[in-house]
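This is protein_17.pdb. It holds PDB, C-alpha atoms and all ligand atoms.
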ATOM      1  CA  MET M   1     -78.271 -65.315   8.822
ATOM      2  CA  GLN M   2     -76.612 -67.448   6.169
ATOM      3  CA  SER M   3     -78.225 -65.492   3.376
ATOM      4  CA  ASP M   4     -76.267 -62.395   4.338
ATOM      5  CA  ALA M   5     -73.131 -63.671   2.638
ATOM      6  CA  TYR M   6     -72.537 -63.650  -1.091
ATOM      7  CA  THR M   7     -69.673 -64.862  -3.204
ATOM      8  CA  TYR M   8     -68.750 -63.199  -6.449
ATOM      9  CA  GLU M   9     -66.350 -64.634  -8.994
ATOM     10  CA  PHE M  10     -64.227 -62.450 -11.206
ATOM     11  CA  THR M  11     -61.884 -63.277 -14.045
ATOM     12  CA  LEU M  12     -59.446 -60.465 -14.581
ATOM     13  CA  ASP M  13     -57.945 -60.584 -18.039
ATOM     14  CA  ASP M  14     -55.871 -58.326 -20.270
ATOM     15  CA  GLN M  15     -58.892 -56.094 -20.770
ATOM     16  CA  PHE M  16     -59.249 -55.533 -17.030
ATOM     17  CA  PHE M  17     -55.590 -54.576 -16.683
ATOM     18  CA  ALA M  18     -55.833 -52.303 -19.708
ATOM     19  CA  LEU M  19     -58.791 -50.499 -18.118
ATOM     20  CA  ILE M  20     -57.020 -50.100 -14.771
ATOM     21  CA  ASP M  21     -54.072 -48.705 -16.724
ATOM     22  CA  ALA M  22     -51.476 -48.909 -13.948
ATOM     23  CA  PRO M  23     -47.795 -49.525 -14.567
ATOM     24  CA  GLU M  24     -47.029 -52.623 -12.475
ATOM     25  CA  VAL M  25     -49.301 -55.059 -14.273
ATOM     26  CA  GLN M  26     -50.664 -54.606 -17.767
ATOM     27  CA  LYS M  27     -51.565 -58.161 -18.700
ATOM     28  CA  GLY M  28     -52.615 -61.279 -16.929
ATOM     29  CA  GLU M  29     -55.247 -63.808 -16.112
ATOM     30  CA  VAL M  30     -56.303 -63.800 -12.499
ATOM     31  CA  TYR M  31     -59.290 -65.345 -10.762
ATOM     32  CA  VAL M  32     -60.731 -63.580  -7.760
ATOM     33  CA  SER M  33     -63.301 -65.048  -5.461
ATOM     34  CA  LEU M  34     -64.887 -62.307  -3.375
ATOM     35  CA  ASN M  35     -66.991 -63.225  -0.386
ATOM     36  CA  VAL M  36     -69.099 -60.428   1.057
ATOM     37  CA  LYS M  37     -70.474 -60.823   4.553
ATOM     38  CA  LYS M  38     -72.921 -58.363   6.014
ATOM     39  CA  LEU M  39     -72.126 -57.642   9.640
ATOM     40  CA  ALA M  40     -74.112 -55.479  12.049
ATOM     41  CA  GLN M  41     -72.338 -52.191  11.264
ATOM     42  CA  SER M  42     -70.144 -53.094   8.349
ATOM     43  CA  PHE M  43     -69.350 -55.460   5.525
ATOM     44  CA  GLU M  44     -66.507 -57.914   5.524
ATOM     45  CA  LEU M  45     -64.967 -58.545   2.112
ATOM     46  CA  ASN M  46     -62.674 -61.536   1.711
ATOM     47  CA  PHE M  47     -60.693 -61.747  -1.511
ATOM     48  CA  GLN M  48     -59.005 -64.896  -2.742
ATOM     49  CA  THR M  49     -56.698 -64.140  -5.620
ATOM     50  CA  GLU M  50     -55.067 -66.741  -7.830
ATOM     51  CA  GLY M  51     -53.543 -66.450 -11.254
ATOM     52  CA  THR M  52     -50.751 -65.341 -13.489
ATOM     53  CA  VAL M  53     -49.659 -61.890 -14.537
ATOM     54  CA  LYS M  54     -47.158 -60.746 -17.141
ATOM     55  CA  VAL M  55     -44.313 -58.712 -15.758
ATOM     56  CA  LEU M  56     -40.901 -57.801 -17.083
ATOM     57  CA  CYS M  57     -38.053 -60.045 -16.011
ATOM     58  CA  ASP M  58     -35.478 -58.210 -13.905
ATOM     59  CA  CYS M  59     -32.689 -59.903 -15.833
ATOM     60  CA  CYS M  60     -33.489 -59.760 -19.510
ATOM     61  CA  LEU M  61     -36.449 -57.321 -19.511
ATOM     62  CA  ASP M  62     -38.557 -59.777 -21.518
ATOM     63  CA  GLU M  63     -42.111 -60.496 -20.473
ATOM     64  CA  MET M  64     -42.478 -63.387 -18.066
ATOM     65  CA  ASP M  65     -45.306 -65.144 -16.278
ATOM     66  CA  GLN M  66     -45.469 -64.465 -12.585
ATOM     67  CA  SER M  67     -47.907 -66.487 -10.548
ATOM     68  CA  VAL M  68     -49.758 -64.600  -7.856
ATOM     69  CA  HIS M  69     -51.646 -65.882  -4.834
ATOM     70  CA  SER M  70     -53.143 -63.689  -2.206
ATOM     71  CA  VAL M  71     -55.762 -63.705   0.523
ATOM     72  CA  ASP M  72     -56.946 -60.277   1.614
ATOM     73  CA  ARG M  73     -59.619 -58.873   3.850
ATOM     74  CA  LEU M  74     -61.308 -55.513   3.695
ATOM     75  CA  ILE M  75     -63.806 -54.055   6.149
ATOM     76  CA  VAL M  76     -66.238 -51.591   4.612
ATOM     77  CA  LYS M  77     -68.278 -49.192   6.709
ATOM     78  CA  LEU M  78     -70.813 -46.580   5.751
ATOM     79  CA  GLY M  79     -69.971 -42.977   6.585
ATOM     80  CA  ASP M  80     -70.135 -39.408   5.339
ATOM     81  CA  GLU M  81     -67.442 -39.543   2.723
ATOM     82  CA  TYR M  82     -64.997 -41.917   1.112
ATOM     83  CA  SER M  83     -61.902 -42.608   3.102
ATOM     84  CA  GLU M  84     -59.315 -45.325   3.564
ATOM     85  CA  GLU M  85     -58.765 -45.380   7.297
ATOM     86  CA  GLU M  86     -56.257 -48.172   7.584
ATOM     87  CA  ASP M  87     -54.892 -50.810   5.292
ATOM     88  CA  ASP M  88     -58.014 -52.895   5.626
ATOM     89  CA  LEU M  89     -60.755 -50.422   6.571
ATOM     90  CA  VAL M  90     -62.622 -48.351   4.010
ATOM     91  CA  ILE M  91     -65.425 -45.881   4.635
ATOM     92  CA  ILE M  92     -67.859 -45.369   1.774
ATOM     93  CA  PRO M  93     -70.528 -42.637   1.573
ATOM     94  CA  ALA M  94     -73.763 -43.989   3.020
ATOM     95  CA  ASN M  95     -75.878 -42.232   0.406
ATOM     96  CA  GLU M  96     -74.039 -44.035  -2.396
ATOM     97  CA  GLY M  97     -73.444 -47.361  -0.716
ATOM     98  CA  VAL M  98     -71.180 -48.641  -3.469
ATOM     99  CA  ILE M  99     -67.557 -49.633  -3.462
ATOM    100  CA  ASP M 100     -65.455 -50.014  -6.565
ATOM    101  CA  VAL M 101     -63.613 -53.242  -5.850
ATOM    102  CA  ALA M 102     -61.661 -53.199  -9.117
ATOM    103  CA  TRP M 103     -58.862 -51.031  -7.792
ATOM    104  CA  PHE M 104     -58.573 -53.081  -4.604
ATOM    105  CA  MET M 105     -58.353 -56.274  -6.628
ATOM    106  CA  TYR M 106     -55.617 -54.681  -8.698
ATOM    107  CA  GLU M 107     -53.715 -53.546  -5.619
ATOM    108  CA  PHE M 108     -53.842 -56.982  -4.035
ATOM    109  CA  ILE M 109     -52.414 -58.455  -7.235
ATOM    110  CA  ALA M 110     -49.682 -55.830  -7.497
ATOM    111  CA  LEU M 111     -48.720 -56.407  -3.856
ATOM    112  CA  ALA M 112     -48.557 -60.160  -4.430
ATOM    113  CA  ILE M 113     -45.777 -59.783  -6.993
ATOM    114  CA  PRO M 114     -42.365 -60.420  -5.464
ATOM    115  CA  ILE M 115     -39.997 -57.438  -5.585
ATOM    116  CA  LYS M 116     -37.468 -59.474  -7.492
ATOM    117  CA  HIS M 117     -38.885 -61.505 -10.340
ATOM    118  CA  VAL M 118     -36.803 -63.330 -12.901
ATOM    119  CA  HIS M 119     -37.319 -66.113 -15.410
ATOM    120  CA  ALA M 120     -36.712 -69.661 -14.305
ATOM    121  CA  GLU M 121     -33.092 -70.649 -14.912
ATOM    122  CA  GLY M 122     -32.343 -70.987 -18.606
ATOM    123  CA  GLU M 123     -35.519 -69.231 -19.771
ATOM    124  CA  CYS M 124     -34.140 -65.732 -20.023
ATOM    125  CA  ASN M 125     -33.683 -64.073 -23.362
ATOM    126  CA  LYS M 126     -30.015 -64.971 -23.818
ATOM    127  CA  GLU M 127     -29.376 -62.389 -26.507
ATOM    128  CA  MET M 128     -30.650 -59.610 -24.268
ATOM    129  CA  ASN M 129     -28.690 -60.897 -21.299
ATOM    130  CA  GLU M 130     -25.513 -60.742 -23.351
ATOM    131  CA  LYS M 131     -26.251 -57.192 -24.476
ATOM    132  CA  LEU M 132     -27.067 -56.081 -20.964
ATOM    133  CA  GLY M 133     -24.098 -57.926 -19.541
ATOM    134  CA  SER M 134     -24.250 -58.584 -15.860
ATOM    135  CA  LEU M 135     -25.619 -55.125 -15.056
ATOM    136  CA  LEU M 136     -29.171 -56.198 -14.325
ATOM    137  CA  CYS M 137     -28.803 -59.854 -13.696
ATOM    138  CA  SER M 138     -25.968 -60.138 -11.228
ATOM    139  CA  SER M 139     -26.650 -62.661  -8.544
ATOM    140  CA  SER M 140     -25.849 -60.176  -5.791
ATOM    141  CA  ASN M 141     -28.251 -57.248  -5.839
ATOM    142  CA  ASP M 142     -27.480 -56.010  -2.353
ATOM    143  CA  GLY M 143     -27.440 -52.347  -3.256
ATOM    144  CA  GLU M 144     -31.064 -52.054  -4.378
ATOM    145  CA  GLY M 145     -32.901 -51.964  -1.077
ATOM    146  CA  TYR M 146     -30.550 -49.327   0.247
ATOM    147  CA  LEU M 147     -31.101 -46.987  -2.683
ATOM    148  CA  GLU M 148     -34.836 -47.188  -2.339
ATOM    149  CA  THR M 149     -34.727 -46.271   1.332
ATOM    150  CA  GLU M 150     -32.587 -43.256   0.549
ATOM    151  CA  ASN M 151     -35.083 -42.025  -2.025
ATOM    152  CA  HIS M 152     -37.923 -42.179   0.426
ATOM    153  CA  LYS M 153     -35.987 -40.073   2.879
ATOM    154  CA  MET M 154     -35.577 -37.253   0.364
ATOM    155  CA  GLY M 155     -39.026 -35.825   1.087
ATOM    156  CA  ASP M 156     -38.112 -35.174   4.689
ATOM    157  CA  ASP M 157     -36.263 -31.901   4.363
ATOM    158  CA  GLY M 158     -38.476 -28.839   4.499
ATOM    159  CA  GLU M 159     -42.134 -29.452   3.773
ATOM    160  CA  THR M 160     -43.750 -32.689   4.703
ATOM    161  CA  VAL M 161     -45.318 -34.456   1.773
ATOM    162  CA  ILE M 162     -48.708 -35.638   2.904
ATOM    163  CA  ASP M 163     -50.342 -38.629   1.351
ATOM    164  CA  PRO M 164     -53.744 -37.335   0.112
ATOM    165  CA  ARG M 165     -55.454 -40.119   2.008
ATOM    166  CA  TRP M 166     -54.191 -38.651   5.260
ATOM    167  CA  ASN M 167     -55.700 -35.298   4.332
ATOM    168  CA  GLU M 168     -59.052 -37.002   4.103
ATOM    169  CA  LEU M 169     -58.478 -38.570   7.468
ATOM    170  CA  LYS M 170     -57.372 -35.252   8.926
ATOM    171  CA  ARG M 171     -60.501 -33.614   7.651
ATOM    172  CA  LEU M 172     -62.601 -36.222   9.384
ATOM    173  CA  LEU M 173     -60.753 -35.610  12.619
ATOM    174  CA  ASP M 174     -61.079 -31.820  12.334
ATOM    175  CA  ASN M 175     -64.846 -32.147  12.175
ATOM    176  CA  ASN M 176     -64.948 -33.740  15.565
TER     177      ASN M 176
HETATM  178 ZN    ZN M 201     -35.371 -63.168 -18.060
END
As structure tokens:
Amino acid sequence: MQSDAYTYEFTLDDQFFALIDAPEVQKGEVYVSLNVKKLAQSFELNFQTEGTVKVLCDCCLDEMDQSVHSVDRLIVKLGDEYSEEEDDLVIIPANEGVIDVAWFMYEFIALAIPIKHVHAEGECNKEMNEKLGSLLCSSSNDGEGYLETENHKMGDDGETVIDPRWNELKRLLDNN
């Protein structure tokens, strides 16, 4: 039935980002249109994200506007306990029947920010750039990706570091 779909509009402003209190984005103005469709056994949530966030420029470390656009889908099912099964599937406790979409909206925004973000040419803080020299703002940043990969590998020796979400998943599997 048509009436089983609803659209919600959100405006996420500085106050929203302050409440979320996560490091990647602390200010911005982002519009989110959330369409919720009730399916037979689940809910389909479609997020359309559009706006601008303030991030620090990689070159001069001044604040800059970064535009973000994103389209994301989330499937929500009712179950025994909260769990994030896959990137786009979330189980929420049937007896509560509520999902806090704020964190998901934040995550979609954070993921929409390009890894490298710099001011448009000529808009950097020149004074800062001179102080920092070419350390941060060299045109060839080939080394960065490599370093990051190495860091991730560090956890491999000895104990395996398990993402807490996988523990939840494991618990679900153990019950079977
Ligand atoms: Zn800059």
In Å, rounded to a single decimal, give me how far atom CA of Leu56 of chain M is from atom CA of Leu34 of chain M.
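So the two atoms, atom CA of Leu34 of chain M and atom CA of Leu56 of chain M, lie 28.0 Å apart.
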Taking only residues of segment 2-67 of chain M that have an atom at most 7 Å from an atom of segment 101-122 of chain M, what is each one's shortest atom pair and its distance in Å to one decimal, using all atoms listed in the file, in chain and number order, as JSON lines?
{"residue": "M:Glu24", "atom": "CA", "partner": "M:Ala110", "partner_atom": "CA", "distance": 6.5}
{"residue": "M:Val25", "atom": "CA", "partner": "M:Ala110", "partner_atom": "CA", "distance": 6.8}
{"residue": "M:Cys57", "atom": "CA", "partner": "M:Val118", "partner_atom": "CA", "distance": 4.7}
{"residue": "M:Asp58", "atom": "CA", "partner": "M:Val118", "partner_atom": "CA", "distance": 5.4}
{"residue": "M:Cys59", "atom": "CA", "partner": "M:Val118", "partner_atom": "CA", "distance": 6.1}
{"residue": "M:Met64", "atom": "CA", "partner": "M:His119", "partner_atom": "CA", "distance": 6.4}
Applied to the shown file, which residues does the PyMOL selection byres (((chain M and resi 88) around 8) and not hetatm) return, written as a list in words?
Arg73, Leu74, Ile75, Glu84, Glu85, Glu86, Asp87, Leu89 and Val90 of chain M
Assuming 6 Å of padding per side, give the centre and edge lengths of the axis-aligned box around every listed atom of segment 51-55 of chain M, in Å to one decimal and as lines of an AutoDock Vina configuration file.
center_x = -48.9
center_y = -62.6
center_z = -14.2
size_x = 21.2
size_y = 19.7
size_z = 17.9
Please evaluate the PyMOL selection byres (((chain M and resi 92) around 10) and not hetatm) against the displayed coordinates and give the resulting residues as a list in words.
Val76, Lys77, Leu78, Gly79, Asp80, Glu81, Tyr82, Ser83, Glu84, Leu89, Val90, Ile91, Pro93, Ala94, Asn95, Glu96, Gly97, Val98, Ile99 and Asp100 of chain M
When distances are computed from only C-alpha atoms and all ligand atoms, which of M:Ser67, M:Cys124, M:Leu12, M:Leu132 shows the smallest separation from ligand ZN 201 (chain M)?
M:Cys124
Which of these, M:Cys60, M:Ala5, M:Thr11, M:Lys27, has the shortest distance to Glu130 of chain M once you count only C-alpha atoms?
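Result for the nearest residue to Glu130 of chain M: M:Cys60.
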Between atom CA of Val55 of chain M and atom CA of Gln26 of chain M, measure the distance and give it in Å to one decimal.
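Calculated distance between atom CA of Val55 of chain M and atom CA of Gln26 of chain M is 7.8 Å.
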Point out the residue among M:Asp62, M:Asp14, M:Asp21, M:Glu127 with the least atom-to-atom distance to ligand ZN 201 (chain M), counting all atoms listed in the file.
M:Asp62
Interatomic distance (Å, one decimal) between atom CA of Val30 of chain M and atom CA of Asn46 of chain M:
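Here the two named atoms are 15.7 Å from each other.
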Quick one: apply the PyMOL selection byres (((chain M and resi 31) around 9) and not hetatm) to the file and drop the selected residues here as a VMD selection string.
chain M and resid 9 to 13 29 to 30 32 to 33 48 to 52
Looking at M:Leu61, M:Leu45, M:Leu19, M:Val68, which one is nearest to ligand ZN 201 (chain M), with distances taken over only C-alpha atoms and all ligand atoms?
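Ranking M:Leu61, M:Leu45, M:Leu19, M:Val68 by distance to ligand ZN 201 (chain M), first place goes to M:Leu61.
Distances from M:Asp4, M:Asp65, M:Asp72, M:Glu44 to ligand ZN 201 (chain M) were compared using all atoms listed in the file, and the smallest one belongs to M:Asp65.
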Closest of M:Gln41, M:Val36, M:Gln66, M:Asn129 to ligand ZN 201 (chain M), counting all atoms listed in the file, is M:Asn129
